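Text of run.csv (CSV, C-alpha atoms and all ligand atoms) as supplied:
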chain,number,residue,atom,x,y,z
A,1,MET,CA,16.4,3.4,9.7
A,2,THR,CA,13.7,3.8,12.3
A,3,SER,CA,10.4,5.5,12.0
A,4,LYS,CA,10.5,9.3,12.4
A,5,ALA,CA,6.8,9.4,13.4
A,6,SER,CA,5.5,9.4,16.9
A,7,PHE,CA,1.8,8.6,17.4
A,8,ASP,CA,0.0,6.6,20.1
A,9,PHE,CA,-1.9,3.5,18.7
A,10,ALA,CA,-1.9,1.6,22.0
A,11,GLY,CA,-4.7,-1.1,21.8
A,12,ALA,CA,-5.4,-0.5,18.1
A,13,LYS,CA,-5.7,-3.5,15.7
A,14,VAL,CA,-3.8,-2.8,12.5
A,15,LEU,CA,-3.8,-5.1,9.4
A,16,VAL,CA,-1.2,-4.5,6.7
A,17,ILE,CA,-2.0,-6.4,3.5
A,18,GLY,CA,1.3,-6.8,1.5
A,19,ALA,CA,4.0,-6.4,4.1
A,20,SER,CA,6.0,-9.6,3.7
A,21,ARG,CA,9.1,-8.1,2.1
A,22,ALA,CA,11.4,-5.5,3.5
A,23,GLY,CA,9.3,-2.8,1.7
A,24,ILE,CA,6.7,-0.1,2.3
A,25,GLY,CA,4.2,-2.4,4.0
A,26,ALA,CA,6.8,-3.7,6.4
A,27,ALA,CA,7.9,-0.2,7.4
A,28,ILE,CA,4.3,0.9,8.0
A,29,ALA,CA,3.7,-2.3,10.1
A,30,ARG,CA,6.9,-1.6,12.2
A,31,ALA,CA,5.9,2.0,12.8
A,32,PHE,CA,2.4,1.1,14.0
A,33,GLN,CA,3.8,-1.6,16.2
A,34,ASP,CA,6.4,0.8,17.7
A,35,SER,CA,3.4,3.0,18.5
A,36,GLY,CA,1.6,0.4,20.5
A,37,ALA,CA,-0.7,-1.3,18.0
A,38,ALA,CA,-1.2,-5.0,17.6
A,39,VAL,CA,-0.2,-5.6,14.0
A,40,GLU,CA,-1.0,-8.4,11.6
A,41,ILE,CA,0.7,-8.6,8.3
A,42,THR,CA,0.1,-10.6,5.1
A,43,GLY,CA,1.8,-11.5,1.9
A,44,VAL,CA,1.4,-13.8,-1.1
A,45,GLU,CA,4.5,-15.8,-0.1
A,46,PRO,CA,4.1,-18.9,2.3
A,47,GLU,CA,6.5,-17.2,4.7
A,48,CYS,CA,7.7,-13.7,5.3
A,49,ALA,CA,11.5,-14.3,5.0
A,50,GLU,CA,12.6,-10.7,4.8
A,51,VAL,CA,10.7,-9.2,7.7
A,52,ASP,CA,11.3,-10.0,11.4
A,53,ALA,CA,8.6,-12.6,11.5
A,54,ALA,CA,8.9,-12.8,15.3
A,55,ARG,CA,7.5,-9.3,15.6
A,56,PHE,CA,4.3,-9.9,13.7
A,57,THR,CA,1.5,-12.3,13.2
A,58,TYR,CA,2.0,-13.3,9.5
A,59,ASN,CA,-0.7,-14.7,7.2
A,60,GLN,CA,-0.3,-15.9,3.7
A,61,LEU,CA,-3.1,-14.3,1.7
A,62,ASP,CA,-3.5,-14.1,-2.1
A,63,VAL,CA,-5.6,-10.9,-2.7
A,64,THR,CA,-6.7,-12.3,-6.1
A,65,ASP,CA,-8.5,-15.2,-4.5
A,66,THR,CA,-12.0,-14.0,-3.5
A,67,ASP,CA,-12.9,-17.0,-1.3
A,68,GLU,CA,-9.6,-16.8,0.5
A,69,VAL,CA,-10.0,-13.1,1.2
A,70,TYR,CA,-13.6,-13.4,2.5
A,71,GLU,CA,-12.6,-16.4,4.6
A,72,PHE,CA,-9.7,-14.4,6.1
A,73,ALA,CA,-11.9,-11.4,6.7
A,74,GLY,CA,-14.7,-13.4,8.2
A,75,MET,CA,-12.4,-14.4,11.0
A,76,ARG,CA,-11.8,-10.8,12.1
A,77,ASP,CA,-14.5,-8.8,13.8
A,78,HIS,CA,-12.7,-5.6,14.6
A,79,ILE,CA,-10.0,-3.8,12.6
A,80,ASP,CA,-9.0,-0.2,13.4
A,81,VAL,CA,-6.6,0.3,10.5
A,82,LEU,CA,-6.5,-1.5,7.2
A,83,VAL,CA,-3.5,-0.7,5.0
A,84,ASN,CA,-3.8,-2.0,1.4
A,85,CYS,CA,-0.2,-2.3,0.2
A,86,ALA,CA,-0.2,-5.5,-1.9
A,87,ALA,CA,0.8,-4.8,-5.5
A,88,ILE,CA,3.0,-6.0,-8.4
A,89,THR,CA,4.5,-4.4,-11.5
A,90,ARG,CA,5.7,-6.3,-14.6
A,91,ARG,CA,7.8,-3.3,-15.8
A,92,GLY,CA,8.5,-3.6,-19.5
A,93,GLU,CA,6.0,-6.5,-20.0
A,94,GLU,CA,2.7,-4.9,-19.2
A,95,MET,CA,1.6,-4.4,-22.8
A,96,ALA,CA,0.9,-8.2,-22.9
A,97,PRO,CA,-2.8,-8.7,-22.1
A,98,GLU,CA,-2.3,-11.5,-19.6
A,99,PHE,CA,0.1,-9.4,-17.5
A,100,PHE,CA,-2.1,-6.3,-17.9
A,101,SER,CA,-5.2,-8.0,-16.4
A,102,HIS,CA,-3.2,-9.8,-13.7
A,103,VAL,CA,-1.6,-6.5,-12.5
A,104,LEU,CA,-5.1,-4.9,-12.4
A,105,ASN,CA,-6.5,-7.9,-10.5
A,106,VAL,CA,-3.8,-7.8,-7.8
A,107,ASN,CA,-3.4,-4.0,-7.4
A,108,LEU,CA,-6.9,-2.6,-7.9
A,109,THR,CA,-9.4,-5.4,-7.5
A,110,GLY,CA,-7.3,-6.9,-4.7
A,111,SER,CA,-7.5,-3.6,-2.8
A,112,PHE,CA,-11.2,-3.5,-3.3
A,113,ARG,CA,-11.7,-7.2,-2.3
A,114,CYS,CA,-9.8,-6.7,1.0
A,115,ALA,CA,-11.6,-3.4,1.9
A,116,GLU,CA,-15.0,-4.8,1.0
A,117,ALA,CA,-14.5,-8.1,2.8
A,118,LEU,CA,-13.3,-6.3,5.9
A,119,HIS,CA,-16.0,-3.7,5.8
A,120,PRO,CA,-17.9,-5.3,8.7
A,121,ALA,CA,-14.8,-5.4,10.9
A,122,LEU,CA,-13.9,-1.8,9.9
A,123,SER,CA,-17.5,-0.6,10.7
A,124,ALA,CA,-17.3,-2.2,14.1
A,125,ALA,CA,-14.2,-0.2,14.9
A,126,LYS,CA,-15.2,3.0,13.0
A,127,GLY,CA,-11.9,2.3,11.3
A,128,ARG,CA,-9.6,3.8,8.7
A,129,VAL,CA,-8.5,2.5,5.4
A,130,ILE,CA,-5.2,3.5,3.8
A,131,ASN,CA,-4.7,2.5,0.2
A,132,VAL,CA,-1.2,2.7,-1.2
A,133,ALA,CA,-1.4,4.1,-4.7
A,134,SER,CA,1.6,5.6,-6.6
A,135,MET,CA,2.8,8.6,-8.3
A,136,TYR,CA,2.1,6.6,-11.5
A,137,ALA,CA,-1.6,7.1,-10.7
A,138,ARG,CA,-1.0,10.5,-12.2
A,139,PHE,CA,2.0,10.1,-14.5
A,140,GLY,CA,2.0,8.0,-17.7
A,141,SER,CA,4.7,5.3,-18.0
A,142,PRO,CA,5.2,3.3,-21.1
A,143,GLN,CA,7.0,0.6,-19.0
A,144,ASN,CA,4.1,0.3,-16.5
A,145,PRO,CA,0.8,0.9,-18.3
A,146,ALA,CA,-1.2,-1.6,-16.2
A,147,TYR,CA,0.5,-0.6,-13.0
A,148,GLY,CA,-0.3,3.1,-13.6
A,149,ALA,CA,-3.9,2.3,-14.6
A,150,SER,CA,-4.3,0.1,-11.5
A,151,LYS,CA,-3.0,2.9,-9.2
A,152,ALA,CA,-5.2,5.6,-10.9
A,153,GLY,CA,-8.0,3.1,-10.1
A,154,VAL,CA,-6.9,2.8,-6.5
A,155,GLU,CA,-6.9,6.6,-6.1
A,156,GLN,CA,-10.4,6.8,-7.6
A,157,LEU,CA,-11.6,3.8,-5.5
A,158,THR,CA,-10.4,5.7,-2.4
A,159,LYS,CA,-12.7,8.6,-3.2
A,160,SER,CA,-15.8,6.4,-3.8
A,161,LEU,CA,-15.2,4.3,-0.6
A,162,ALA,CA,-14.7,7.5,1.4
A,163,ILE,CA,-18.1,8.7,0.4
A,164,ALA,CA,-19.8,5.3,0.7
A,165,TRP,CA,-18.5,4.5,4.1
A,166,ALA,CA,-18.5,7.9,5.8
A,167,LYS,CA,-21.9,6.9,7.3
A,168,ASP,CA,-20.1,4.0,9.1
A,169,GLY,CA,-17.5,6.4,10.6
A,170,ILE,CA,-14.8,4.9,8.4
A,171,ARG,CA,-12.2,7.3,6.8
A,172,VAL,CA,-10.6,6.1,3.6
A,173,ASN,CA,-7.5,7.8,2.2
A,174,ALA,CA,-4.5,7.0,-0.1
A,175,ILE,CA,-0.8,7.6,-0.2
A,176,ALA,CA,1.0,8.1,-3.5
A,177,PRO,CA,4.7,7.3,-3.0
A,178,GLY,CA,7.3,8.5,-5.4
A,179,PHE,CA,10.3,6.3,-6.2
A,180,ILE,CA,11.2,4.1,-3.2
A,181,VAL,CA,14.0,1.6,-2.8
A,182,THR,CA,12.3,-1.8,-2.4
A,183,ALA,CA,12.2,-5.2,-4.2
A,184,GLN,CA,9.4,-3.9,-6.4
A,185,SER,CA,11.5,-1.1,-7.8
A,186,ALA,CA,14.6,-3.3,-8.3
A,187,ARG,CA,14.0,-3.7,-12.0
A,188,ALA,CA,13.7,0.1,-12.5
A,189,ARG,CA,16.8,0.6,-10.4
A,190,LYS,CA,18.9,-1.8,-12.6
A,191,ASP,CA,18.7,1.0,-15.2
A,192,ALA,CA,21.4,3.4,-14.0
A,193,SER,CA,20.3,6.2,-16.3
A,194,PHE,CA,16.7,5.9,-14.9
A,195,THR,CA,18.0,5.9,-11.3
A,196,SER,CA,20.1,9.0,-11.8
A,197,ALA,CA,17.3,10.8,-13.7
A,198,VAL,CA,15.0,10.2,-10.7
A,199,GLU,CA,17.6,11.7,-8.4
A,200,ALA,CA,18.3,14.6,-10.7
A,201,ARG,CA,14.6,15.5,-11.0
A,202,THR,CA,13.7,15.1,-7.3
A,203,PRO,CA,14.2,18.3,-5.3
A,204,LEU,CA,15.3,16.3,-2.2
A,205,ALA,CA,17.8,14.6,-4.5
A,206,ARG,CA,17.4,11.0,-3.6
A,207,TRP,CA,15.2,8.0,-3.9
A,208,GLY,CA,12.8,7.5,-0.9
A,209,HIS,CA,13.1,4.7,1.6
A,210,PRO,CA,10.1,2.7,3.0
A,211,GLU,CA,10.3,4.5,6.3
A,212,ASP,CA,9.6,7.8,4.5
A,213,ILE,CA,6.1,6.5,3.8
A,214,ALA,CA,5.3,5.2,7.3
A,215,GLY,CA,4.8,8.6,9.0
A,216,THR,CA,2.1,9.6,6.4
A,217,ALA,CA,0.3,6.3,7.0
A,218,MET,CA,0.3,7.0,10.8
A,219,PHE,CA,-0.9,10.6,10.3
A,220,LEU,CA,-3.8,9.4,8.1
A,221,ALA,CA,-4.8,6.8,10.6
A,222,SER,CA,-4.6,9.1,13.6
A,223,ASP,CA,-7.1,11.6,15.0
A,224,ALA,CA,-4.9,14.4,13.7
A,225,ALA,CA,-6.5,13.5,10.4
A,226,ALA,CA,-10.0,13.3,11.8
A,227,PHE,CA,-11.4,15.5,9.1
A,228,VAL,CA,-9.4,14.0,6.2
A,229,THR,CA,-11.1,11.4,4.0
A,230,GLY,CA,-11.1,10.7,0.3
A,231,THR,CA,-7.7,12.3,-0.3
A,232,CYS,CA,-4.4,11.0,-1.7
A,233,LEU,CA,-1.2,12.4,-0.2
A,234,ILE,CA,1.8,12.4,-2.5
A,235,VAL,CA,5.1,11.5,-0.7
A,236,ASP,CA,7.8,11.8,-3.4
A,237,GLY,CA,10.5,14.2,-2.3
A,238,GLY,CA,9.0,16.9,-4.6
A,239,TYR,CA,9.4,14.8,-7.8
A,240,SER,CA,5.9,15.7,-9.0
A,241,VAL,CA,6.0,19.4,-8.5
A,242,VAL,CA,9.0,19.9,-10.9
B,301,LIG,N1,8.7,0.9,-4.5
B,301,LIG,C1,8.2,2.0,-5.0
B,301,LIG,O1,8.9,2.8,-5.7
B,301,LIG,C2,6.7,2.3,-4.9
B,301,LIG,C3,5.8,1.4,-4.4
B,301,LIG,N2,4.5,1.7,-4.3
B,301,LIG,C4,3.5,0.8,-3.8
B,301,LIG,O2,3.8,0.5,-2.4
B,301,LIG,C5,3.3,-0.8,-2.1
B,301,LIG,C6,4.4,-1.7,-1.5
B,301,LIG,O3,5.3,-1.9,-2.5
B,301,LIG,P1,6.9,-2.2,-2.2
B,301,LIG,O4,7.1,-2.2,-0.8
B,301,LIG,O5,7.6,-1.4,-3.1
B,301,LIG,O6,7.0,-3.7,-2.8
B,301,LIG,P2,7.2,-5.1,-2.2
B,301,LIG,O7,7.4,-6.0,-3.4
B,301,LIG,O8,8.2,-5.1,-1.2
B,301,LIG,O9,5.8,-5.5,-1.5
B,301,LIG,C7,4.7,-6.0,-2.3
B,301,LIG,C8,3.8,-6.8,-1.4
B,301,LIG,O10,2.7,-7.2,-2.1
B,301,LIG,C9,2.4,-8.6,-1.8
B,301,LIG,N3,1.7,-9.2,-3.0
B,301,LIG,C10,2.1,-9.3,-4.3
B,301,LIG,N4,1.2,-10.0,-4.9
B,301,LIG,C11,0.2,-10.4,-4.1
B,301,LIG,C12,-1.0,-11.1,-4.1
B,301,LIG,N5,-1.4,-11.7,-5.3
B,301,LIG,N6,-1.7,-11.3,-3.0
B,301,LIG,C13,-1.3,-10.7,-1.9
B,301,LIG,N7,-0.2,-10.0,-1.7
B,301,LIG,C14,0.6,-9.8,-2.8
B,301,LIG,C15,3.8,-9.2,-1.6
B,301,LIG,O11,3.7,-10.4,-0.9
B,301,LIG,C16,4.5,-8.1,-0.8
B,301,LIG,O12,4.2,-8.2,0.5
B,301,LIG,C17,2.7,-1.3,-3.4
B,301,LIG,O13,1.3,-1.0,-3.4
B,301,LIG,C18,3.4,-0.5,-4.5
B,301,LIG,O14,2.7,-0.5,-5.7
B,301,LIG,C19,4.0,2.9,-4.7
B,301,LIG,C20,4.9,3.8,-5.2
B,301,LIG,C21,6.3,3.6,-5.3
B,302,LIG,O1,9.0,2.0,-12.4
B,302,LIG,C1,8.9,1.0,-11.8
B,302,LIG,O2,9.0,-0.1,-12.3
B,302,LIG,C2,8.5,1.0,-10.3
B,302,LIG,O3,8.7,0.0,-9.6
B,302,LIG,C3,8.0,2.3,-9.8
B,302,LIG,C4,7.3,2.2,-8.5
B,302,LIG,O4,6.6,1.0,-8.3
B,302,LIG,C5,6.3,3.4,-8.4
B,302,LIG,O5,5.2,3.2,-8.1
B,302,LIG,C6,6.8,4.7,-8.6
B,302,LIG,O6,6.0,5.7,-8.0

Write out the structure in this file as structure tokens.
Amino acid sequence: MTSKASFDFAGAKVLVIGASRAGIGAAIARAFQDSGAAVEITGVEPECAEVDAARFTYNQLDVTDTDEVYEFAGMRDHIDVLVNCAAITRRGEEMAPEFFSHVLNVNLTGSFRCAEALHPALSAAKGRVINVASMYARFGSPQNPAYGASKAGVEQLTKSLAIAWAKDGIRVNAIAPGFIVTAQSARARKDASFTSAVEARTPLARWGHPEDIAGTAMFLASDAAAFVTGTCLIVDGGYSVV
């Protein structure tokens, strides 16, 4: 599926953290690149096997490693758009303390680390930050308590950074996707009753695809959203309004 969005990002430098698999980050990266941006992507894996690596500059970057993140950020002096997309879930195992804190470290502290480390490069560009949260920021899930807590934190962090960095001309927003077909949701989708319950509840009657999120990222990064900061847009086919 190709991106449905049409925006002009010619000359813009876009960095998508967590785009190494054929998921939401990769779809956002493709959409920006199709619209003229120079796009760099990262992932925790040594190589990005599931994304057309020839299209992007790929960097391995572990967002839990503070030194690595600051070293990476220090080599970039101008970033127009930062997309924080790296995250994990340990669905069904997150009541275990070691998994709980690791999920928070990747999803929440990792987003903070990347944004904070890249603040000088974002300031230089009067840039935009887009944090990928989740509908689970607002819904409880006994399978994903750490994931949900981390995403609620990402939504809250978005508001605080939006206020703190407005003086630098930086806009900070979040997207809360609903249920999207990616590697991350594979465990959930193995449960046929869960999969059909999501479809039954969703007014648009399907799971989302990564490309369904890309247009919202481009909107938030564009001048069409020049007066939008500190918000979190839900993109879930209507699941959360039922
Ligand atoms: N798939 C879904 O239903 C939904 C996903 N999301 C969010 O969308 C974003 C993208 O997720 P998906 O495309 O579904 O998953 P994915 O599994 O395809 O992508 C996750 C990315 O995070 C990176 N990552 C994981 N641990 C990392 C670490 N320690 N350091 C650096 N990078 C790391 C991976 O390398 C990968 O590039 C995530 O923030 C996820 O929480 C939000 C709502 C729904
Ligand atoms: O339920 C799970 O497990 C998921 O993978 C859910 C998604 O990651 C999500 O964020 C739904 O909004």

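Ranking A:His209, A:Gly140, A:Thr109, A:Lys190 by their shortest atom-to-atom distance to A:Val154, with all atoms listed in the file included, puts A:Thr109 first.
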
**Request:** Please extract the residues at most 8 Å from ligand LIG 302 (chain B), counting all atoms listed in the file, and provide them as number ranges by chain, using the chain letters and residue numbers of this document.
**Result:** A: 88-91, 133-136, 141, 143-144, 147-148, 176-180, 184-188, 236

Kindly assemble as JSON lines a list of the stretch 163-206 of chain A residues that lie within 8 Å of stretch 20-39 of chain A, each paired with its nearest atom pair and their distance in Å to one decimal, using only C-alpha atoms, sorted first by chain and then by ascending residue number.
{"residue": "A:Val181", "atom": "CA", "partner": "A:Gly23", "partner_atom": "CA", "distance": 7.9}
{"residue": "A:Thr182", "atom": "CA", "partner": "A:Gly23", "partner_atom": "CA", "distance": 5.2}
{"residue": "A:Ala183", "atom": "CA", "partner": "A:Gly23", "partner_atom": "CA", "distance": 7.0}

**Asked** With distances taken over only C-alpha atoms and all ligand atoms, which of A:Ala19, A:Leu220, A:Ala125, A:Leu233 is nearest to ligand LIG 301 (chain B)?
**Response** A:Ala19

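With atom CA of A:Phe99 on one side and atom CA of A:Val83 on the other, the separation reads 24.4 Å.
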
**Near-A:Met75 list (10 Å; only C-alpha atoms; drop same-chain fewer than 5 positions) as a PyMOL selection string** = chain A and resi 70+118+121

**Message:** Ranking A:Glu116, A:Asp8, A:Glu211, A:Asp191 by minimum distance to ligand LIG 301 (chain B) and counting all atoms listed in the file, which one comes first?
**Reply:** A:Glu211

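With atom CA of A:Glu98 on one side and atom CA of A:Asn131 on the other, the separation reads 24.4 Å.
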
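You can rank A:His102, A:Pro120, A:Gly237, A:Ala226 by their closest distance to A:Glu199 using all atoms listed in the file, and at the top of that list sits A:Gly237.
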
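Shortest atom-to-atom contact with ligand LIG 301 (chain B) among A:Asp168, A:Glu68, A:Glu155, A:Glu45: A:Glu45, counting all atoms listed in the file.
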
**Request:** Work out how far atom CA of A:Gly43 is from atom C8 of ligand LIG 301 (chain B), in Å to one decimal.
**Result:** 6.1 Å

**Prompt:** From the list A:Arg171, A:Lys13, A:Arg113, A:Arg201, which residue is nearest ligand LIG 301 (chain B) when using only C-alpha atoms and all ligand atoms?
**Reply:** A:Arg113

**Asked** A:Ala149: which residues within 7 Å, counting only C-alpha atoms, same-chain residues fewer than 4 positions away excluded, as an MDAnalysis selection string?
**Response** chainID A and resid 137 145 153
